Number of protein chains: 2
Amino acid sequence: MTDRVVLATHNAHKVCELQRILRAAGLDVELVGLEEFPDAPEVAETESSFAGNALLKARTIADFTGLPAIADDSGLCVDALNGMPGIYSARWSGQHGDDPANLDLVLGQVADVPDSRRSAQFVCAAAWVVPGVSEHVVEGVLEGSLARAPRGGNGFGYDPIFVPAGYALTTAELRPEEKDAISHRGQAFRALAQVMASR
Amino acid sequence: MTDRVVLATHNAHKVCELQRILRAAGLDVELVGLEEFPDAPEVAETESSFAGNALLKARTIADFTGLPAIADDSGLCVDALNGMPGIYSARWSGQHGDDPANLDLVLGQVADVPDSRRSAQFVCAAAWVVPGVSEHVVEGVLEGSLARAPRGGNGFGYDPIFVPAGYALTTAELRPEEKDAISHRGQAFRALAQVMASR
């Protein structure tokens, strides 16, 4: 029987992407998003790190559902912005989850920053909580730089403006499997899959 | 005869505030803004520090006008945002000089940040360049924290959401002279006035 694991997100893109990554890592779990738990509490991301917020979300949803829960907190860290948007990536424009607004805002903020100082990282913390049993959190980082304008229709979030180091394409121009192979989320969730498989 | 000194800004609020501060410091200069030099080049703030941008602006305008020039670069540094908006304060919303948009954006970004972690600083770097003769730059810092909503009609920029340490009012609720006595800009320009007076 395939284990059901709750993924603490309302983002259908994220459920799809993580299901793909965990399957590719050989882990036979069925990820279910929060659409199946309409009464689940909203978790305010009040911690000051990706790992802290990922654990906070996984813990809250595991407690609520009684099921093993996974959560990630991920974002774009721009060196010229002292590592911001960081943990505020999804709410950078002040509106939670408004990808085009968030992305346009970052481009506007760094409009005067020359190419030599447009380095950035995608960071992902992935947490796994089994209620009353265990808690784990791992991180993945993808180095890159900011494009001047959005390019590509794959992915979500800041993918259209992020160019991985050594690539000419944005992560929104890469095929999903290519992206997963190098991405912050791919790295973090493959590490998490190993932890989950060993338990 | 009163010396004419160009202030490298199109912001009439800033001309007014700095004229007031320099006069109060006993310096008899006539500040003129860039409205009098409609052909002056736009200076992109490409440096990575307040001091760098202030010097860049003062140097460019002194070179263009042949007159002594003053420039400031100032902004709001929010600890929970790793010191941002910082040098991007005036263009934080992506639109240069849109005070209400910038201020609303910061409030939205830190909406989930508890009062215990809402500390911030107002920072000002003030530069003085006499063409072919000398360059000086000084800094002033005002410690404080972020309010939950804008309050007060004085000042400009982020004044309505900044509460100086030890005060209950925002800098937009203080009378102009009260604000100047403690503000980052007051500190920096009084220090600059001393340098200017000694030359």
# chains A, B, ... in the order shown; residues from 1 in each chain; ligands from 1
>>> select_by_dssp(residues="stretch 16-185 of chain A", states="strand (DSSP E or B)", output="VMD selection string")
chain A and resid 29 to 32 69 to 78 85 119 to 130 134 to 146 162 to 164
>>> write_last_selection(atoms="N, CA and C atoms", output="tab-separated table (two decimals), in the first residue's frame")
chain	number	residue	atom	x	y	z
A	29	VAL	N	5.34	7.20	-2.29
A	29	VAL	CA	4.36	7.82	-1.40
A	29	VAL	C	3.36	8.59	-2.25
A	30	GLU	N	2.15	8.74	-1.69
A	30	GLU	CA	1.15	9.57	-2.36
A	30	GLU	C	1.06	10.90	-1.62
A	31	LEU	N	1.47	11.94	-2.29
A	31	LEU	CA	1.42	13.27	-1.67
A	31	LEU	C	0.01	13.84	-1.83
A	32	VAL	N	-0.55	14.32	-0.74
A	32	VAL	CA	-1.82	15.02	-0.85
A	32	VAL	C	-1.65	16.44	-0.32
A	69	ALA	N	3.73	14.48	7.69
A	69	ALA	CA	3.59	15.69	6.88
A	69	ALA	C	4.96	16.16	6.40
A	70	ILE	N	4.94	16.66	5.18
A	70	ILE	CA	6.11	17.28	4.58
A	70	ILE	C	5.79	18.75	4.34
A	71	ALA	N	6.77	19.60	4.53
A	71	ALA	CA	6.60	21.00	4.14
A	71	ALA	C	7.92	21.50	3.61
A	72	ASP	N	7.83	22.44	2.70
A	72	ASP	CA	9.07	23.10	2.32
A	72	ASP	C	8.89	24.59	2.51
A	73	ASP	N	10.01	25.25	2.72
A	73	ASP	CA	10.00	26.71	2.62
A	73	ASP	C	11.18	27.02	1.72
A	74	SER	N	10.90	27.72	0.65
A	74	SER	CA	11.95	27.96	-0.31
A	74	SER	C	11.83	29.37	-0.83
A	75	GLY	N	12.91	29.84	-1.45
A	75	GLY	CA	12.87	31.21	-1.93
A	75	GLY	C	14.11	31.59	-2.67
A	76	LEU	N	14.08	32.82	-3.10
A	76	LEU	CA	15.15	33.41	-3.89
A	76	LEU	C	15.94	34.36	-3.00
A	77	CYS	N	17.26	34.15	-2.93
A	77	CYS	CA	18.12	35.02	-2.14
A	77	CYS	C	19.03	35.81	-3.08
A	78	VAL	N	18.82	37.11	-3.16
A	78	VAL	CA	19.56	37.96	-4.10
A	78	VAL	C	20.69	38.65	-3.34
A	85	PRO	N	14.65	38.40	-1.52
A	85	PRO	CA	13.45	38.24	-0.68
A	85	PRO	C	13.54	37.11	0.36
A	119	SER	N	24.23	38.12	-8.78
A	119	SER	CA	24.23	36.73	-8.31
A	119	SER	C	23.10	36.50	-7.31
A	120	ALA	N	22.61	35.27	-7.29
A	120	ALA	CA	21.48	34.91	-6.44
A	120	ALA	C	21.50	33.41	-6.18
A	121	GLN	N	20.73	32.98	-5.21
A	121	GLN	CA	20.58	31.56	-4.93
A	121	GLN	C	19.10	31.23	-4.76
A	122	PHE	N	18.73	30.07	-5.26
A	122	PHE	CA	17.47	29.45	-4.88
A	122	PHE	C	17.77	28.54	-3.69
A	123	VAL	N	17.03	28.68	-2.61
A	123	VAL	CA	17.25	27.86	-1.42
A	123	VAL	C	15.94	27.16	-1.06
A	124	CYS	N	16.05	25.91	-0.66
A	124	CYS	CA	14.87	25.16	-0.23
A	124	CYS	C	15.18	24.40	1.06
A	125	ALA	N	14.35	24.56	2.06
A	125	ALA	CA	14.40	23.71	3.25
A	125	ALA	C	13.20	22.78	3.19
A	126	ALA	N	13.43	21.49	3.38
A	126	ALA	CA	12.37	20.49	3.33
A	126	ALA	C	12.29	19.79	4.68
A	127	ALA	N	11.10	19.79	5.26
A	127	ALA	CA	10.92	19.19	6.59
A	127	ALA	C	9.97	18.01	6.52
A	128	TRP	N	10.21	17.01	7.33
A	128	TRP	CA	9.37	15.82	7.40
A	128	TRP	C	9.08	15.55	8.88
A	129	VAL	N	7.80	15.52	9.21
A	129	VAL	CA	7.41	15.32	10.61
A	129	VAL	C	6.44	14.14	10.69
A	130	VAL	N	6.81	13.14	11.49
A	130	VAL	CA	5.90	12.03	11.80
A	130	VAL	C	5.39	12.30	13.21
A	134	SER	N	9.15	11.67	14.98
A	134	SER	CA	10.42	12.25	14.55
A	134	SER	C	10.22	13.52	13.74
A	135	GLU	N	11.29	14.32	13.66
A	135	GLU	CA	11.32	15.53	12.84
A	135	GLU	C	12.66	15.60	12.12
A	136	HIS	N	12.63	15.91	10.85
A	136	HIS	CA	13.87	16.10	10.09
A	136	HIS	C	13.74	17.33	9.20
A	137	VAL	N	14.84	18.02	8.97
A	137	VAL	CA	14.83	19.12	8.00
A	137	VAL	C	16.17	19.13	7.26
A	138	VAL	N	16.13	19.30	5.96
A	138	VAL	CA	17.33	19.32	5.11
A	138	VAL	C	17.25	20.54	4.18
A	139	GLU	N	18.40	20.97	3.64
A	139	GLU	CA	18.38	22.12	2.74
A	139	GLU	C	19.07	21.82	1.41
A	140	GLY	N	18.63	22.50	0.37
A	140	GLY	CA	19.27	22.45	-0.95
A	140	GLY	C	19.45	23.87	-1.47
A	141	VAL	N	20.55	24.09	-2.20
A	141	VAL	CA	20.86	25.43	-2.72
A	141	VAL	C	21.24	25.32	-4.20
A	142	LEU	N	20.69	26.21	-5.02
A	142	LEU	CA	21.08	26.31	-6.42
A	142	LEU	C	21.65	27.70	-6.66
A	143	GLU	N	22.92	27.77	-7.09
A	143	GLU	CA	23.56	29.06	-7.38
A	143	GLU	C	23.18	29.55	-8.77
A	144	GLY	N	23.08	30.85	-8.94
A	144	GLY	CA	22.77	31.39	-10.26
A	144	GLY	C	22.81	32.90	-10.27
A	145	SER	N	22.09	33.50	-11.21
A	145	SER	CA	22.04	34.95	-11.30
A	145	SER	C	20.70	35.39	-11.87
A	146	LEU	N	20.41	36.67	-11.74
A	146	LEU	CA	19.11	37.20	-12.18
A	146	LEU	C	19.15	37.64	-13.64
A	162	PHE	N	15.46	33.35	-13.08
A	162	PHE	CA	16.64	32.75	-12.44
A	162	PHE	C	17.42	31.91	-13.44
A	163	VAL	N	18.69	32.27	-13.64
A	163	VAL	CA	19.57	31.53	-14.55
A	163	VAL	C	20.60	30.77	-13.72
A	164	PRO	N	20.53	29.42	-13.70
A	164	PRO	CA	21.49	28.65	-12.90
A	164	PRO	C	22.92	28.88	-13.40
>>> closest_atom_pairs(of="chain A", to="chain B", cutoff="12 Å", atoms="only C-alpha atoms", output="tab-separated table")
residue	atom	partner	partner_atom	distance
A:Val43	CA	B:Asp112	CA	10.5
A:Ala44	CA	B:Asp112	CA	6.7
A:Glu45	CA	B:Asp112	CA	6.9
A:Thr46	CA	B:Asp112	CA	5.8
A:Glu47	CA	B:Val113	CA	8.5
A:Ser48	CA	B:Ala80	CA	7.8
A:Ser49	CA	B:Ala80	CA	10.7
A:Asn53	CA	B:Asp112	CA	11.9
A:Cys77	CA	B:Asn82	CA	10.9
A:Val78	CA	B:Asn82	CA	11.2
A:Asp79	CA	B:Ser48	CA	10.8
A:Ala80	CA	B:Ser48	CA	7.7
A:Leu81	CA	B:Met84	CA	6.7
A:Asn82	CA	B:Asn82	CA	5.9
A:Gly83	CA	B:Asn82	CA	7.1
A:Met84	CA	B:Leu81	CA	6.7
A:Pro85	CA	B:Leu81	CA	7.9
A:Gly86	CA	B:Leu81	CA	8.6
A:Ile87	CA	B:Leu81	CA	9.3
A:Tyr88	CA	B:Gln109	CA	6.7
A:Ser89	CA	B:Gln109	CA	9.3
A:Ala90	CA	B:Gln109	CA	9.7
A:Arg91	CA	B:Gln109	CA	6.4
A:Trp92	CA	B:Gln109	CA	5.8
A:Ser93	CA	B:Leu105	CA	6.3
A:Gly94	CA	B:Gly108	CA	4.3
A:Gln95	CA	B:Gly108	CA	7.5
A:His96	CA	B:Gly108	CA	9.5
A:Ala101	CA	B:Ser93	CA	10.2
A:Asn102	CA	B:Ser93	CA	10.2
A:Leu103	CA	B:Gly94	CA	10.7
A:Asp104	CA	B:Gly94	CA	7.9
A:Leu105	CA	B:Gly94	CA	5.6
A:Val106	CA	B:Gly94	CA	7.8
A:Leu107	CA	B:Gly94	CA	7.8
A:Gly108	CA	B:Gly94	CA	4.3
A:Gln109	CA	B:Gly94	CA	5.3
A:Val110	CA	B:Tyr88	CA	8.3
A:Ala111	CA	B:Gly94	CA	8.4
A:Asp112	CA	B:Thr46	CA	5.8
A:Val113	CA	B:Thr46	CA	6.1
A:Pro114	CA	B:Thr46	CA	7.5
A:Asp115	CA	B:Thr46	CA	11.3
A:Ser116	CA	B:Thr46	CA	11.6
A:Arg117	CA	B:Ser48	CA	9.5
A:Arg118	CA	B:Ser48	CA	11.9
>>> closest_residue(among="A:Leu169, A:Leu67, A:Ala197, A:Ala149", to="A:Asp28", atoms="only C-alpha atoms")
A:Ala197
>>> residues_around(residues="A:Glu17", least_positions_apart="2", cutoff="10 Å", atoms="only C-alpha atoms", output="list in words")
Ala12, His13, Lys14, Val15, Gln19, Arg20, Ile21, Leu22, Gly155, Pro176, Glu177, Asp180, Arg185 and Gly186 of chain A
>>> write_last_selection(atoms="N, CA, C and O atoms", output="tab-separated table (two decimals), in the first residue's frame")
chain	number	residue	atom	x	y	z
A	12	ALA	N	-0.78	23.92	-5.99
A	12	ALA	CA	-0.88	22.68	-6.78
A	12	ALA	C	0.39	22.43	-7.59
A	12	ALA	O	0.79	21.28	-7.80
A	13	HIS	N	1.06	23.50	-8.05
A	13	HIS	CA	2.33	23.35	-8.76
A	13	HIS	C	3.34	22.62	-7.89
A	13	HIS	O	4.12	21.79	-8.34
A	14	LYS	N	3.34	22.99	-6.62
A	14	LYS	CA	4.33	22.43	-5.71
A	14	LYS	C	4.06	20.95	-5.45
A	14	LYS	O	4.99	20.13	-5.42
A	15	VAL	N	2.79	20.60	-5.28
A	15	VAL	CA	2.43	19.19	-5.08
A	15	VAL	C	2.91	18.37	-6.27
A	15	VAL	O	3.56	17.32	-6.11
A	19	GLN	N	5.89	15.60	-5.96
A	19	GLN	CA	5.51	14.22	-6.26
A	19	GLN	C	6.47	13.63	-7.30
A	19	GLN	O	6.96	12.51	-7.17
A	20	ARG	N	6.75	14.43	-8.31
A	20	ARG	CA	7.65	14.01	-9.39
A	20	ARG	C	9.05	13.73	-8.85
A	20	ARG	O	9.69	12.72	-9.18
A	21	ILE	N	9.54	14.61	-7.98
A	21	ILE	CA	10.89	14.45	-7.44
A	21	ILE	C	10.99	13.21	-6.54
A	21	ILE	O	11.93	12.42	-6.64
A	22	LEU	N	9.99	13.03	-5.68
A	22	LEU	CA	10.03	11.88	-4.75
A	22	LEU	C	9.90	10.56	-5.52
A	22	LEU	O	10.60	9.60	-5.21
A	155	GLY	N	7.70	25.80	-14.66
A	155	GLY	CA	7.97	26.18	-13.29
A	155	GLY	C	6.99	27.20	-12.75
A	155	GLY	O	5.90	27.39	-13.30
A	176	PRO	N	11.16	20.10	-17.07
A	176	PRO	CA	10.99	19.80	-15.65
A	176	PRO	C	12.06	18.85	-15.10
A	176	PRO	O	12.61	19.09	-14.01
A	177	GLU	N	12.41	17.80	-15.85
A	177	GLU	CA	13.39	16.84	-15.34
A	177	GLU	C	14.79	17.45	-15.26
A	177	GLU	O	15.57	17.12	-14.37
A	180	ASP	N	14.69	19.62	-12.13
A	180	ASP	CA	14.73	18.82	-10.89
A	180	ASP	C	16.14	18.32	-10.60
A	180	ASP	O	16.54	18.19	-9.44
A	185	ARG	N	15.09	22.56	-4.84
A	185	ARG	CA	14.02	21.71	-4.35
A	185	ARG	C	14.34	20.25	-4.65
A	185	ARG	O	14.09	19.37	-3.82
A	186	GLY	N	14.91	20.00	-5.82
A	186	GLY	CA	15.33	18.64	-6.17
A	186	GLY	C	16.35	18.12	-5.17
A	186	GLY	O	16.21	17.01	-4.64
>>> select_by_dssp(residues="stretch 6-187 of chain B", states="helix (DSSP H, G or I)", output="ChimeraX atom specification")
/B:12-24,34-36,50-65,79-81,86-91,99-109,115-117,159-161,176-182,184-187
>>> atom_distance(atom1="atom CA of A:Ala168", atom2="atom CA of A:Ile182")
14.1 Å
>>> atom_distance(atom1="atom CA of B:Glu178", atom2="atom CA of B:Asp99")
21.7 Å
>>> atom_distance(atom1="atom CA of A:Ala54", atom2="atom CA of A:Ile161")
24.0 Å
>>> residues_around(residues="B:Glu35", least_positions_apart="5", cutoff="10 Å", atoms="only C-alpha atoms", output="number ranges by chain")
B: 8-12, 40
>>> closest_residue(among="A:Ala62, A:Leu55, A:Ala25, A:Ala165", to="A:Val195", atoms="only C-alpha atoms")
A:Ala25
